[in-house]
>>> print(open('upload-v5.txt').read())   # compact mmCIF, C-alpha atoms and all ligand atoms
# COMPACT_ATOMS: atom_id res chain seq x y z
CA MET O 18 -8.86 -23.05 -13.04
CA LEU O 19 -9.10 -19.54 -11.61
CA ASN O 20 -10.39 -16.69 -13.73
CA ASN O 21 -7.72 -14.05 -14.52
CA ARG O 22 -9.79 -10.98 -13.63
CA GLY O 23 -12.24 -12.09 -10.91
CA GLY O 24 -11.53 -14.51 -8.10
CA TRP O 25 -13.82 -17.30 -9.17
CA GLU O 26 -13.07 -20.90 -10.08
CA GLU O 27 -14.14 -21.52 -13.69
CA GLN O 28 -16.84 -24.16 -14.19
CA PRO O 29 -18.63 -25.39 -17.30
CA PRO O 30 -22.10 -23.83 -17.68
CA ASN O 31 -25.19 -26.00 -17.58
CA PRO O 32 -26.81 -25.61 -21.06
CA ALA O 33 -30.30 -25.90 -19.52
CA ASP O 34 -29.66 -22.71 -17.50
CA LEU O 35 -28.52 -20.56 -20.43
CA PRO O 36 -30.72 -17.98 -22.22
CA PRO O 37 -33.45 -18.13 -23.34
CA ASN O 38 -34.14 -20.75 -20.62
CA VAL O 39 -35.04 -19.60 -17.13
CA PRO O 40 -32.30 -20.59 -14.63
CA PRO O 41 -33.13 -21.95 -11.13
CA TRP O 42 -32.05 -18.70 -9.41
CA MET O 43 -34.95 -16.97 -11.15
CA GLN O 44 -37.44 -19.59 -10.03
CA GLU O 45 -37.28 -18.96 -6.29
CA GLN O 46 -36.80 -16.02 -3.92
CA GLY O 47 -33.24 -14.96 -3.24
CA ARG O 48 -31.61 -14.78 0.18
CA PRO O 49 -32.70 -12.17 2.76
CA LEU O 50 -31.02 -8.96 3.84
CA THR O 51 -27.79 -9.01 5.88
CA PRO O 52 -26.62 -6.40 8.41
CA TYR O 53 -23.07 -6.20 7.04
CA GLY O 54 -22.20 -7.18 3.47
CA HIS O 55 -19.52 -9.59 2.35
CA PRO O 56 -18.08 -10.39 -1.08
CA SER O 57 -19.73 -13.09 -3.16
CA PRO O 58 -18.82 -16.59 -1.93
CA TYR O 59 -17.46 -17.21 -5.44
CA GLU O 60 -14.72 -14.61 -4.90
CA LYS O 61 -12.86 -16.98 -2.57
CA ALA O 62 -9.47 -16.33 -4.15
CA VAL O 63 -9.60 -12.60 -3.38
CA VAL O 64 -7.93 -12.70 0.02
CA ARG O 65 -4.78 -11.45 1.71
CA VAL O 66 -2.01 -14.05 1.85
CA PRO O 67 0.63 -14.15 4.59
CA THR O 68 4.36 -13.98 3.94
CA ASN O 69 6.35 -17.17 4.28
CA LEU O 70 9.40 -15.21 5.48
CA THR O 71 8.49 -14.68 9.14
CA PRO O 72 8.20 -17.40 11.76
CA THR O 73 5.37 -15.98 13.92
CA GLU O 74 1.85 -14.78 13.25
CA LEU O 75 2.23 -11.88 15.69
CA SER O 76 5.15 -10.19 13.97
CA SER O 77 4.24 -10.72 10.39
CA TRP O 78 2.68 -9.26 7.28
CA ASN O 79 0.25 -10.21 4.59
CA PHE O 80 -0.26 -8.97 1.08
CA THR O 81 -3.13 -7.20 -0.70
CA PRO O 82 -4.37 -9.18 -3.77
CA LEU O 83 -3.56 -6.40 -6.28
CA GLN O 84 -4.13 -8.76 -9.23
CA TYR O 85 -7.87 -8.88 -8.46
CA LEU O 86 -8.48 -5.21 -7.59
CA GLN O 87 -9.94 -2.69 -10.02
CA GLY O 88 -9.53 1.08 -9.89
CA THR O 89 -7.41 2.43 -7.08
CA VAL O 90 -9.17 1.92 -3.73
CA THR O 91 -8.40 -1.09 -1.52
CA PRO O 92 -11.47 -2.59 0.15
CA ASN O 93 -11.00 -2.40 3.92
CA GLY O 94 -10.95 -6.15 4.43
CA LEU O 95 -8.08 -6.45 1.93
CA HIS O 96 -5.79 -3.65 3.19
CA PHE O 97 -2.37 -5.22 3.76
CA GLU O 98 -1.48 -5.81 7.40
CA ARG O 99 1.91 -5.32 9.01
CA LEU O 100 1.95 -6.19 12.69
CA HIS O 101 4.98 -6.10 14.97
CA ALA O 102 3.11 -7.49 17.98
CA GLY O 103 -0.37 -8.44 16.84
CA VAL O 104 -3.56 -6.34 16.85
CA PRO O 105 -4.41 -4.78 20.23
CA ASP O 106 -8.06 -4.80 21.29
CA ILE O 107 -8.80 -1.16 22.21
CA HIS O 108 -12.21 0.18 23.19
CA PRO O 109 -12.42 3.72 21.77
CA SER O 110 -13.67 5.19 25.03
CA GLN O 111 -10.50 3.85 26.72
CA HIS O 112 -8.16 5.31 24.12
CA ARG O 113 -6.17 8.51 24.77
CA LEU O 114 -3.70 10.58 22.76
CA LEU O 115 -1.07 12.34 24.89
CA ILE O 116 0.77 15.30 23.35
CA GLU O 117 3.80 16.36 25.39
CA GLY O 118 7.45 17.46 25.34
CA MET O 119 8.41 20.81 23.82
CA VAL O 120 4.88 22.22 23.79
CA LYS O 121 3.35 25.05 25.85
CA ARG O 122 0.17 23.21 26.75
CA PRO O 123 0.52 19.41 26.97
CA ILE O 124 -2.83 17.76 26.35
CA VAL O 125 -4.60 14.41 26.62
CA LEU O 126 -7.32 13.89 24.01
CA THR O 127 -10.16 11.37 23.98
CA MET O 128 -11.61 10.06 20.72
CA ASP O 129 -14.60 12.30 21.34
CA ASP O 130 -12.33 15.34 21.69
CA LEU O 131 -10.55 14.45 18.47
CA MET O 132 -13.69 13.87 16.45
CA ARG O 133 -14.95 17.36 17.35
CA TYR O 134 -12.11 18.99 15.38
CA PRO O 135 -12.71 20.00 11.75
CA SER O 136 -11.99 16.90 9.65
CA VAL O 137 -10.74 16.18 6.13
CA SER O 138 -10.91 13.12 3.84
CA ARG O 139 -8.05 12.37 1.49
CA PHE O 140 -7.07 9.48 -0.78
CA HIS O 141 -3.54 8.26 -0.10
CA PHE O 142 -1.56 5.09 -0.69
CA LEU O 143 0.26 3.33 2.11
CA GLU O 144 3.30 1.21 1.23
CA CYS O 145 5.58 -0.73 3.54
CA SER O 146 9.17 0.18 2.72
CA GLY O 147 9.80 -3.57 2.70
CA ASN O 148 7.46 -3.97 -0.28
CA THR O 149 9.18 -5.86 -3.16
CA LEU O 150 12.22 -6.69 -0.98
CA THR O 151 12.36 -10.26 -2.28
CA GLU O 152 13.09 -9.05 -5.83
CA TRP O 153 16.57 -7.46 -5.52
CA ARG O 154 18.67 -10.35 -6.84
CA LYS O 155 16.28 -12.50 -8.79
CA PRO O 156 12.57 -12.84 -9.46
CA VAL O 157 11.01 -14.53 -6.42
CA GLY O 158 7.33 -13.60 -5.97
CA LYS O 159 5.14 -15.73 -8.21
CA ASN O 160 2.54 -12.99 -8.64
CA VAL O 161 1.96 -9.28 -8.06
CA GLN O 162 0.40 -9.98 -4.66
CA TYR O 163 3.75 -11.31 -3.38
CA THR O 164 5.95 -8.85 -5.28
CA HIS O 165 3.98 -5.62 -4.63
CA GLY O 166 1.12 -6.41 -2.21
CA LEU O 167 2.45 -4.45 0.80
CA LEU O 168 0.63 -1.59 -0.86
CA SER O 169 -2.91 -0.33 -0.34
CA CYS O 170 -4.90 2.85 -0.90
CA ALA O 171 -7.83 4.31 0.99
CA GLU O 172 -9.81 7.44 1.57
CA TRP O 173 -8.60 8.40 5.04
CA THR O 174 -10.66 10.69 7.25
CA GLY O 175 -9.36 12.48 10.30
CA VAL O 176 -8.03 15.69 11.77
CA PRO O 177 -5.20 17.60 10.05
CA LEU O 178 -2.56 17.61 12.77
CA ALA O 179 -1.73 21.30 12.14
CA ALA O 180 -4.90 22.40 13.98
CA ILE O 181 -3.84 20.56 17.11
CA LEU O 182 -0.20 21.70 16.91
CA ASP O 183 -1.47 25.27 16.98
CA GLU O 184 -3.53 24.54 20.04
CA VAL O 185 -0.77 22.89 22.10
CA GLY O 186 1.71 25.63 21.14
CA VAL O 187 4.64 23.67 19.72
CA ASP O 188 7.98 25.28 20.62
CA PRO O 189 9.52 26.70 17.41
CA LYS O 190 12.76 24.92 18.42
CA ALA O 191 11.03 21.54 18.35
CA THR O 192 12.13 19.90 15.08
CA TRP O 193 11.19 16.27 15.75
CA ALA O 194 8.27 14.42 17.26
CA LEU O 195 8.15 10.88 18.59
CA ALA O 196 4.99 9.01 17.58
CA GLU O 197 4.15 5.96 19.69
CA GLY O 198 1.57 3.22 19.21
CA ALA O 199 -0.52 1.47 21.88
CA ASP O 200 0.32 -2.07 20.77
CA ALA O 201 2.58 -4.46 22.69
CA ALA O 202 5.43 -3.36 20.40
CA ALA O 203 4.85 0.28 21.45
CA MET O 204 6.05 0.99 17.91
CA ASP O 205 7.68 4.40 17.80
CA ARG O 206 9.35 6.54 15.16
CA SER O 207 10.81 10.07 14.97
CA ILE O 208 9.03 12.36 12.55
CA PRO O 209 10.16 15.77 11.31
CA VAL O 210 7.79 18.37 12.77
CA GLN O 211 7.59 20.05 9.37
CA LYS O 212 5.76 16.98 7.97
CA LEU O 213 3.25 17.17 10.82
CA TRP O 214 2.42 20.79 9.88
CA GLU O 215 2.29 20.04 6.15
CA ASP O 216 -0.17 17.22 5.62
CA ALA O 217 -0.22 14.71 8.51
CA ILE O 218 -3.65 13.40 9.48
CA LEU O 219 -4.83 11.89 12.77
CA ALA O 220 -6.96 9.34 10.95
CA TYR O 221 -9.90 7.56 12.51
CA ALA O 222 -11.73 6.41 9.39
CA GLN O 223 -10.87 4.46 6.24
CA ASN O 224 -13.12 4.32 3.18
CA GLY O 225 -16.10 5.71 5.03
CA GLU O 226 -16.10 3.56 8.16
CA MET O 227 -14.00 3.61 11.31
CA LEU O 228 -10.50 2.15 10.86
CA ARG O 229 -10.26 -1.62 10.83
CA PRO O 230 -8.57 -2.99 13.99
CA SER O 231 -5.43 -4.01 12.08
CA GLN O 232 -5.18 -0.53 10.50
CA GLY O 233 -4.98 1.13 13.94
CA TYR O 234 -8.51 1.34 15.38
CA PRO O 235 -9.40 3.78 16.78
CA LEU O 236 -6.59 6.17 15.72
CA ARG O 237 -3.53 6.15 13.48
CA LEU O 238 -1.05 8.68 12.23
CA LEU O 239 -1.19 9.10 8.47
CA LEU O 240 1.90 10.63 6.85
CA PRO O 241 1.09 10.83 3.12
CA GLY O 242 3.92 9.42 0.98
CA TYR O 243 6.10 8.38 3.93
CA GLU O 244 7.17 4.77 4.43
CA GLY O 245 4.48 2.60 6.03
CA ASN O 246 6.44 2.06 9.23
CA MET O 247 6.13 5.74 10.24
CA ASN O 248 2.34 5.68 9.96
CA ILE O 249 1.97 4.68 13.61
CA LYS O 250 -1.18 2.69 14.37
CA TRP O 251 -3.13 2.84 17.65
CA LEU O 252 -1.47 6.25 18.15
CA ARG O 253 -1.22 7.10 21.86
CA ARG O 254 1.57 9.66 22.16
CA LEU O 255 3.29 12.48 20.32
CA LYS O 256 6.33 13.86 22.11
CA PHE O 257 8.06 16.95 20.73
CA GLY O 258 11.85 17.37 20.94
CA SER O 259 14.81 19.00 19.24
CA ALA O 260 16.52 15.86 17.90
CA PRO O 261 15.48 12.49 16.50
CA PHE O 262 14.76 9.97 19.25
CA GLU O 263 16.86 7.20 17.61
CA THR O 264 14.32 4.47 18.33
CA TYR O 265 14.94 0.77 17.72
CA GLU O 266 12.85 0.88 14.53
CA GLU O 267 14.99 3.65 12.99
CA THR O 268 18.42 2.38 14.07
CA ALA O 269 18.31 -1.44 14.02
CA TYR O 270 15.75 -1.48 11.19
CA TYR O 271 14.37 0.73 8.44
CA THR O 272 17.81 1.98 7.42
CA GLU O 273 19.50 1.27 4.07
CA LEU O 274 22.82 -0.53 4.21
CA MET O 275 24.73 0.87 1.22
CA LYS O 276 27.48 -0.60 -0.98
CA ASN O 277 30.23 0.87 1.22
CA GLY O 278 28.81 -0.83 4.33
CA LYS O 279 27.46 2.42 5.80
CA ALA O 280 23.77 2.71 6.58
CA ARG O 281 21.61 5.51 5.19
CA GLN O 282 19.16 6.54 7.91
CA PHE O 283 15.79 8.32 7.71
CA ASN O 284 14.60 7.39 4.24
CA PHE O 285 11.12 8.72 4.72
CA ILE O 286 9.64 9.19 1.28
CA MET O 287 8.47 6.29 -0.87
CA GLU O 288 9.95 7.00 -4.32
CA ALA O 289 7.88 6.75 -7.51
CA LYS O 290 7.03 3.19 -8.48
CA SER O 291 4.64 1.35 -10.79
CA VAL O 292 3.59 -2.18 -11.61
CA ILE O 293 1.40 -3.87 -14.21
CA THR O 294 -1.42 -5.81 -12.51
CA TYR O 295 -2.98 -7.19 -15.72
CA PRO O 296 -1.54 -9.30 -17.15
CA SER O 297 0.71 -10.28 -14.26
CA GLY O 298 2.46 -13.27 -12.72
CA ASP O 299 0.59 -16.56 -12.47
CA MET O 300 -2.14 -15.59 -14.97
CA LYS O 301 -2.73 -17.36 -18.25
CA LEU O 302 -3.91 -15.40 -21.30
CA GLN O 303 -6.51 -17.51 -23.07
CA GLN O 304 -6.00 -16.13 -26.57
CA PRO O 305 -3.96 -13.70 -28.67
CA GLY O 306 -5.60 -10.46 -29.79
CA TYR O 307 -6.82 -7.53 -27.76
CA HIS O 308 -5.82 -7.21 -24.09
CA GLN O 309 -5.95 -4.04 -22.06
CA ILE O 310 -2.73 -3.75 -20.05
CA SER O 311 -3.47 -2.11 -16.72
CA GLY O 312 -1.57 -1.28 -13.56
CA LEU O 313 -0.85 1.10 -10.71
CA ALA O 314 1.62 3.95 -10.27
CA TRP O 315 2.33 6.05 -7.18
CA SER O 316 4.85 8.46 -5.69
CA GLY O 317 5.49 9.71 -2.18
CA ASN O 318 6.68 12.95 -3.78
CA GLY O 319 3.36 14.02 -5.30
CA ARG O 320 1.38 13.24 -8.43
CA ILE O 321 2.21 10.74 -11.14
CA SER O 322 2.73 12.69 -14.37
CA ARG O 323 3.35 9.90 -16.87
CA VAL O 324 3.54 6.12 -17.24
CA ASP O 325 5.13 4.35 -20.20
CA VAL O 326 4.63 0.68 -20.99
CA SER O 327 6.90 -1.65 -22.92
CA THR O 328 5.93 -5.03 -24.35
CA ASP O 329 9.47 -5.82 -25.56
CA ALA O 330 11.50 -5.75 -22.33
CA GLY O 331 12.19 -2.00 -22.44
CA ARG O 332 13.37 -1.61 -26.05
CA THR O 333 10.35 0.48 -27.09
CA TRP O 334 7.79 2.33 -24.97
CA ARG O 335 4.26 3.62 -25.43
CA GLN O 336 2.58 6.18 -23.19
CA ALA O 337 -0.27 4.78 -21.08
CA VAL O 338 -3.52 6.59 -20.31
CA LEU O 339 -3.82 7.77 -16.69
CA GLN O 340 -7.20 7.43 -15.03
CA GLY O 341 -8.18 10.75 -13.44
CA PRO O 342 -8.43 12.39 -11.07
CA VAL O 343 -4.68 11.95 -10.56
CA GLN O 344 -4.18 12.71 -6.89
CA SER O 345 -1.06 13.48 -4.91
CA ARG O 346 0.54 10.57 -3.01
CA CYS O 347 -2.22 8.29 -4.20
CA LEU O 348 -2.45 5.21 -6.41
CA THR O 349 -3.05 6.11 -10.05
CA ARG O 350 -4.49 3.53 -12.45
CA PHE O 351 -2.92 3.42 -15.94
CA ARG O 352 -4.13 1.56 -19.00
CA LEU O 353 -2.83 0.75 -22.48
CA ASP O 354 -4.46 -1.04 -25.42
CA TRP O 355 -2.42 -4.04 -26.58
CA GLN O 356 -2.77 -6.51 -29.43
CA TRP O 357 -0.95 -9.65 -28.34
CA SER O 358 0.42 -11.47 -31.42
CA GLY O 359 0.81 -14.74 -29.56
CA ALA O 360 4.61 -14.46 -29.55
CA PRO O 361 6.50 -14.27 -26.23
CA ALA O 362 6.47 -10.72 -24.81
CA THR O 363 8.01 -9.05 -21.76
CA LEU O 364 5.84 -6.37 -20.17
CA GLN O 365 7.20 -3.46 -18.13
CA SER O 366 5.90 -0.15 -16.81
CA ARG O 367 7.95 2.93 -15.93
CA CYS O 368 6.48 5.97 -14.20
CA VAL O 369 7.53 9.59 -13.83
CA ASP O 370 6.28 11.83 -11.01
CA GLU O 371 5.67 15.56 -10.94
CA THR O 372 9.21 16.22 -9.69
CA GLY O 373 10.54 14.65 -12.93
CA TYR O 374 11.88 11.58 -11.08
CA VAL O 375 11.88 8.52 -13.35
CA GLN O 376 11.34 5.03 -11.88
CA PRO O 377 14.71 3.22 -12.15
CA THR O 378 15.48 -0.22 -13.54
CA ILE O 379 16.56 -2.84 -11.00
CA ASP O 380 20.07 -2.66 -12.51
CA GLN O 381 20.21 1.10 -11.91
CA LEU O 382 19.10 0.62 -8.30
CA VAL O 383 21.71 -2.06 -7.70
CA ALA O 384 24.43 0.10 -9.32
CA ALA O 385 23.59 2.91 -6.90
CA ARG O 386 23.00 0.89 -3.74
CA GLY O 387 24.51 -2.56 -4.18
CA TYR O 388 22.86 -5.67 -2.79
CA ASN O 389 22.90 -4.75 0.92
CA SER O 390 19.71 -2.70 0.68
CA VAL O 391 16.48 -4.30 1.83
CA TYR O 392 13.92 -1.50 1.84
CA HIS O 393 12.79 1.01 -0.80
CA MET O 394 12.97 -1.35 -3.77
CA ASN O 395 11.18 0.56 -6.55
CA GLY O 396 12.78 -0.98 -9.64
CA ILE O 397 10.88 -1.69 -12.86
CA GLN O 398 8.99 -5.02 -12.71
CA SER O 399 8.97 -7.38 -15.72
CA TRP O 400 6.28 -9.94 -16.52
CA LYS O 401 7.00 -12.47 -19.25
CA VAL O 402 4.08 -13.68 -21.37
CA ALA O 403 5.02 -17.05 -22.89
CA ALA O 404 3.67 -18.25 -26.25
CA ASN O 405 1.16 -20.45 -24.40
CA GLY O 406 -0.15 -17.37 -22.53
CA GLU O 407 1.42 -18.17 -19.16
CA VAL O 408 2.68 -15.08 -17.35
CA SER O 409 5.67 -15.23 -15.01
CA ASN O 410 7.98 -13.00 -12.97
CA VAL O 411 11.34 -12.40 -14.69
CA HIS O 412 14.31 -10.06 -14.50
CA ALA O 413 14.72 -8.67 -18.02
N1 LIG K 1 1.76 0.69 16.46
C1 LIG K 1 2.18 0.15 15.30
N2 LIG K 1 2.19 0.91 14.20
C2 LIG K 1 2.61 0.41 13.02
C3 LIG K 1 3.06 -0.93 12.92
C4 LIG K 1 3.01 -1.73 14.10
O1 LIG K 1 3.33 -2.92 14.09
N3 LIG K 1 2.56 -1.16 15.27
N4 LIG K 1 3.56 -1.39 11.71
C5 LIG K 1 4.07 -0.35 10.79
C6 LIG K 1 4.46 -0.83 9.49
S1 LIG K 1 5.99 -1.54 9.35
C7 LIG K 1 3.67 -0.58 8.39
S2 LIG K 1 4.18 -1.01 6.84
C8 LIG K 1 2.32 0.02 8.51
C9 LIG K 1 1.29 -0.96 7.95
O2 LIG K 1 0.00 -0.45 8.08
P1 LIG K 1 -1.25 -1.41 7.82
O3 LIG K 1 -1.09 -2.63 8.69
O4 LIG K 1 -2.45 -0.58 8.13
O5 LIG K 1 -1.19 -1.79 6.37
O6 LIG K 1 2.00 0.33 9.86
C10 LIG K 1 3.08 0.79 10.64
N5 LIG K 1 2.59 1.22 11.92
MO MO K 2 6.49 -1.71 7.10
>>> encode(input="upload-v5.txt", output="structure tokens", more="lines below")
Ligand SMILES: Nc1nc2c(c(=O)[nH]1)N[C@H]1C(S)=C(S)[C@@H](COP(=O)(O)O)O[C@H]1N2
Ligand SMILES: [Mo]
Amino acid sequence: MLNNRGGWEEQPPNPADLPPNVPPWMQEQGRPLTPYGHPSPYEKAVVRVPTNLTPTELSSWNFTPLQYLQGTVTPNGLHFERLHAGVPDIHPSQHRLLIEGMVKRPIVLTMDDLMRYPSVSRFHFLECSGNTLTEWRKPVGKNVQYTHGLLSCAEWTGVPLAAILDEVGVDPKATWALAEGADAAAMDRSIPVQKLWEDAILAYAQNGEMLRPSQGYPLRLLLPGYEGNMNIKWLRRLKFGSAPFETYEETAYYTELMKNGKARQFNFIMEAKSVITYPSGDMKLQQPGYHQISGLAWSGNGRISRVDVSTDAGRTWRQAVLQGPVQSRCLTRFRLDWQWSGAPATLQSRCVDETGYVQPTIDQLVAARGYNSVYHMNGIQSWKVAANGEVSNVHA
């Protein structure tokens, strides 16, 4: 049986190794140093898992194991991956960023050029707009990894794009920029120039080290709070223009088909959303009594201002404690003390962001958008705790 909180397989202890006896691992030298550290071999369960919805490994995605992560930062090896054409192998000295179109001074930058600019480091979440898409009609994902795991958070380091826009002299009439990746998909999206001035980062590092290959090594565009798809990896080109470029990814995909059969285009911002990660689907509570409910909340519109938690399917709510510092467009950890009586309970969390936006129920989302929508599913998640302690995904 797997432990609920760590990723180890439970095993009965050997009485001879328990205190005050001296266990074997104290009777010999430990293992030597290693050049690059890895998690304990006992944490085998803490891995990304692939989706079973796509037929190929090259255009696919896998999920971050949110049920095992503490705090708010995603370890680099566990950042979710979304690949439209696999991970390109790019040597940083071969990589170039071309900036062209409606600019006075088009420019080609090397990684060296880029890393000479003044840099910043900021914590931001990244969420695929397809996160939670299986949950519109009925509960499908067996645990929070499958329901919410296209979500990660890192400290991103790079160059605020504004500095470079100044240098190339962007035409004031340029309102859109095309961002293009150097993978075989040449993934490209149109981005409002205003966002590039505001807080976009040309990111080359993630949690202190250079980006991982699947996160865009050596360079990605980071658009805080915008849907994952627009955060172009292996960024090779920014082209400025006066209209959206209407790329494949923003016409055939990443639009919202509404109730009336019309598609809503350019849904950039990831709306406020939260989910309880402990206890969550597939866990088994061992005994009634004290449990600390804990989870994550985030908003593409700024800071999380409040999270409420219900243990009775939304009839009554209690305010959770937010772990500070609460940062803008970043995962925020919330916690609430809970005495579980041993009776069945349905757990929910509902967040509010600094704009006053309240996370909707799934019913409210469906009333507004019908069942044609795929992306931007931010409805309230319910976990049912049965009398025997088993936790499962339900629609309450
Ligand atoms: N060049 C390129 N950029 C890309 C993609 C891609 O396949 N190629 N996938 C996009 C999608 S759909 C998402 S959700 C995010 C995922 O980023 P991650 O793999 O670092 O989690 O990258 C986006 N940027
Ligand atoms: Mo995505």
>>> residues_near_ligand(input="upload-v5.txt", ligand="ligand LIG 1 (chain K)", cutoff="8 Å", atoms="only C-alpha atoms and all ligand atoms", output="ChimeraX atom specification")
/O:76,78,96-103,143-147,167-169,197-200,202-205,231-233,237,244-252
>>> closest_residue(input="upload-v5.txt", among="O:Arg206, O:Lys159, O:His308, O:Arg323", to="ligand MO 2 (chain K)", atoms="all atoms listed in the file")
O:Arg206
>>> residues_near_point(input="upload-v5.txt", point="(-2.4, 22.0, 26.3)", cutoff="12 Å", atoms="all atoms listed in the file", output="PyMOL selection string")
chain O and resi 115-126+181-187
>>> atom_distance(input="upload-v5.txt", atom1="CA of Gln381 in chain O", atom2="CA of Glu407 in chain O")
27.9 Å
>>> closest_residue(input="upload-v5.txt", among="O:Ala222, O:Ala201, O:Cys368, O:Val402", to="Phe351 in chain O", atoms="only C-alpha atoms")
O:Cys368
>>> residues_around(input="upload-v5.txt", residues="Ala269 in chain O", least_positions_apart="3", cutoff="12 Å", atoms="all atoms listed in the file", output="VMD selection string")
chain O and resid 263 to 266 272 to 274 280 to 283
>>> write_last_selection(input="upload-v5.txt", atoms="C-alpha atoms", output="JSON list (two decimals), keeping the file's coordinate frame")
[["chain", "number", "residue", "atom", "x", "y", "z"],
["O", 263, "GLU", "CA", 16.86, 7.20, 17.61],
["O", 264, "THR", "CA", 14.32, 4.47, 18.33],
["O", 265, "TYR", "CA", 14.94, 0.77, 17.72],
["O", 266, "GLU", "CA", 12.85, 0.88, 14.53],
["O", 272, "THR", "CA", 17.81, 1.98, 7.42],
["O", 273, "GLU", "CA", 19.50, 1.27, 4.07],
["O", 274, "LEU", "CA", 22.82, -0.53, 4.21],
["O", 280, "ALA", "CA", 23.77, 2.71, 6.58],
["O", 281, "ARG", "CA", 21.61, 5.51, 5.19],
["O", 282, "GLN", "CA", 19.16, 6.54, 7.91],
["O", 283, "PHE", "CA", 15.79, 8.32, 7.71]]
>>> residues_around(input="upload-v5.txt", residues="Gln211 in chain O", least_positions_apart="5", cutoff="12 Å", atoms="all atoms listed in the file", output="PyMOL selection string")
chain O and resi 178-179+182+187+189-194+216-217+240+257
>>> closest_residue(input="upload-v5.txt", among="O:Val66, O:Leu150, O:Leu219, O:Val104", to="Ser136 in chain O", atoms="all atoms listed in the file")
O:Leu219
>>> closest_residue(input="upload-v5.txt", among="O:Ala360, O:Lys401, O:Tyr271, O:Gly406", to="ligand MO 2 (chain K)", atoms="all atoms listed in the file")
O:Tyr271
>>> residues_near_point(input="upload-v5.txt", point="(-6.1, 4.3, -8.1)", cutoff="6 Å", atoms="only C-alpha atoms", output="ChimeraX atom specification")
/O:88-90,348-350
>>> atom_distance(input="upload-v5.txt", atom1="CA of Ser297 in chain O", atom2="CA of Phe140 in chain O")
25.2 Å
>>> residues_around(input="upload-v5.txt", residues="range 81-87 of chain O", least_positions_apart="5", cutoff="7 Å", atoms="all atoms listed in the file", output="mmCIF file with C-alpha atoms, keeping the file's coordinate frame")
data_model
loop_
_atom_site.group_PDB
_atom_site.id
_atom_site.type_symbol
_atom_site.label_atom_id
_atom_site.label_comp_id
_atom_site.auth_asym_id
_atom_site.auth_seq_id
_atom_site.Cartn_x
_atom_site.Cartn_y
_atom_site.Cartn_z
ATOM 1 C CA ARG O 22 -9.790 -10.980 -13.630
ATOM 2 C CA GLY O 23 -12.240 -12.090 -10.910
ATOM 3 C CA GLY O 24 -11.530 -14.510 -8.100
ATOM 4 C CA VAL O 63 -9.600 -12.600 -3.380
ATOM 5 C CA VAL O 64 -7.930 -12.700 0.020
ATOM 6 C CA ARG O 65 -4.780 -11.450 1.710
ATOM 7 C CA LEU O 95 -8.080 -6.450 1.930
ATOM 8 C CA HIS O 96 -5.790 -3.650 3.190
ATOM 9 C CA PHE O 97 -2.370 -5.220 3.760
ATOM 10 C CA VAL O 161 1.960 -9.280 -8.060
ATOM 11 C CA GLN O 162 0.400 -9.980 -4.660
ATOM 12 C CA GLY O 166 1.120 -6.410 -2.210
ATOM 13 C CA LEU O 167 2.450 -4.450 0.800
ATOM 14 C CA LEU O 168 0.630 -1.590 -0.860
ATOM 15 C CA SER O 169 -2.910 -0.330 -0.340
ATOM 16 C CA THR O 294 -1.420 -5.810 -12.510
ATOM 17 C CA TYR O 295 -2.980 -7.190 -15.720
#
>>> decode(input="upload-v5.txt", residues="range 112-118 of chain O", atoms="N, CA, C and O atoms", output="short mmCIF file (atom, residue, chain, number, x, y, z; two decimals), in the first residue's frame")
data_model
loop_
_atom_site.label_atom_id
_atom_site.label_comp_id
_atom_site.auth_asym_id
_atom_site.auth_seq_id
_atom_site.Cartn_x
_atom_site.Cartn_y
_atom_site.Cartn_z
N HIS O 112 21.34 28.38 -30.84
CA HIS O 112 19.99 28.97 -30.77
C HIS O 112 20.01 30.47 -31.05
O HIS O 112 20.93 31.17 -30.65
N ARG O 113 19.01 30.96 -31.77
CA ARG O 113 18.87 32.39 -32.05
C ARG O 113 17.43 32.83 -31.81
O ARG O 113 16.50 32.04 -32.02
N LEU O 114 17.28 34.09 -31.37
CA LEU O 114 15.95 34.71 -31.31
C LEU O 114 15.92 35.87 -32.30
O LEU O 114 16.69 36.82 -32.18
N LEU O 115 15.03 35.76 -33.28
CA LEU O 115 14.86 36.80 -34.30
C LEU O 115 13.68 37.69 -33.89
O LEU O 115 12.60 37.17 -33.58
N ILE O 116 13.90 39.00 -33.87
CA ILE O 116 12.80 39.93 -33.61
C ILE O 116 12.62 40.80 -34.85
O ILE O 116 13.57 41.47 -35.28
N GLU O 117 11.42 40.75 -35.44
CA GLU O 117 11.24 41.38 -36.76
C GLU O 117 9.82 41.91 -36.91
O GLU O 117 9.04 41.89 -35.97
N GLY O 118 9.47 42.38 -38.11
CA GLY O 118 8.14 42.91 -38.37
C GLY O 118 8.12 44.41 -38.12
O GLY O 118 9.05 45.11 -38.51
#
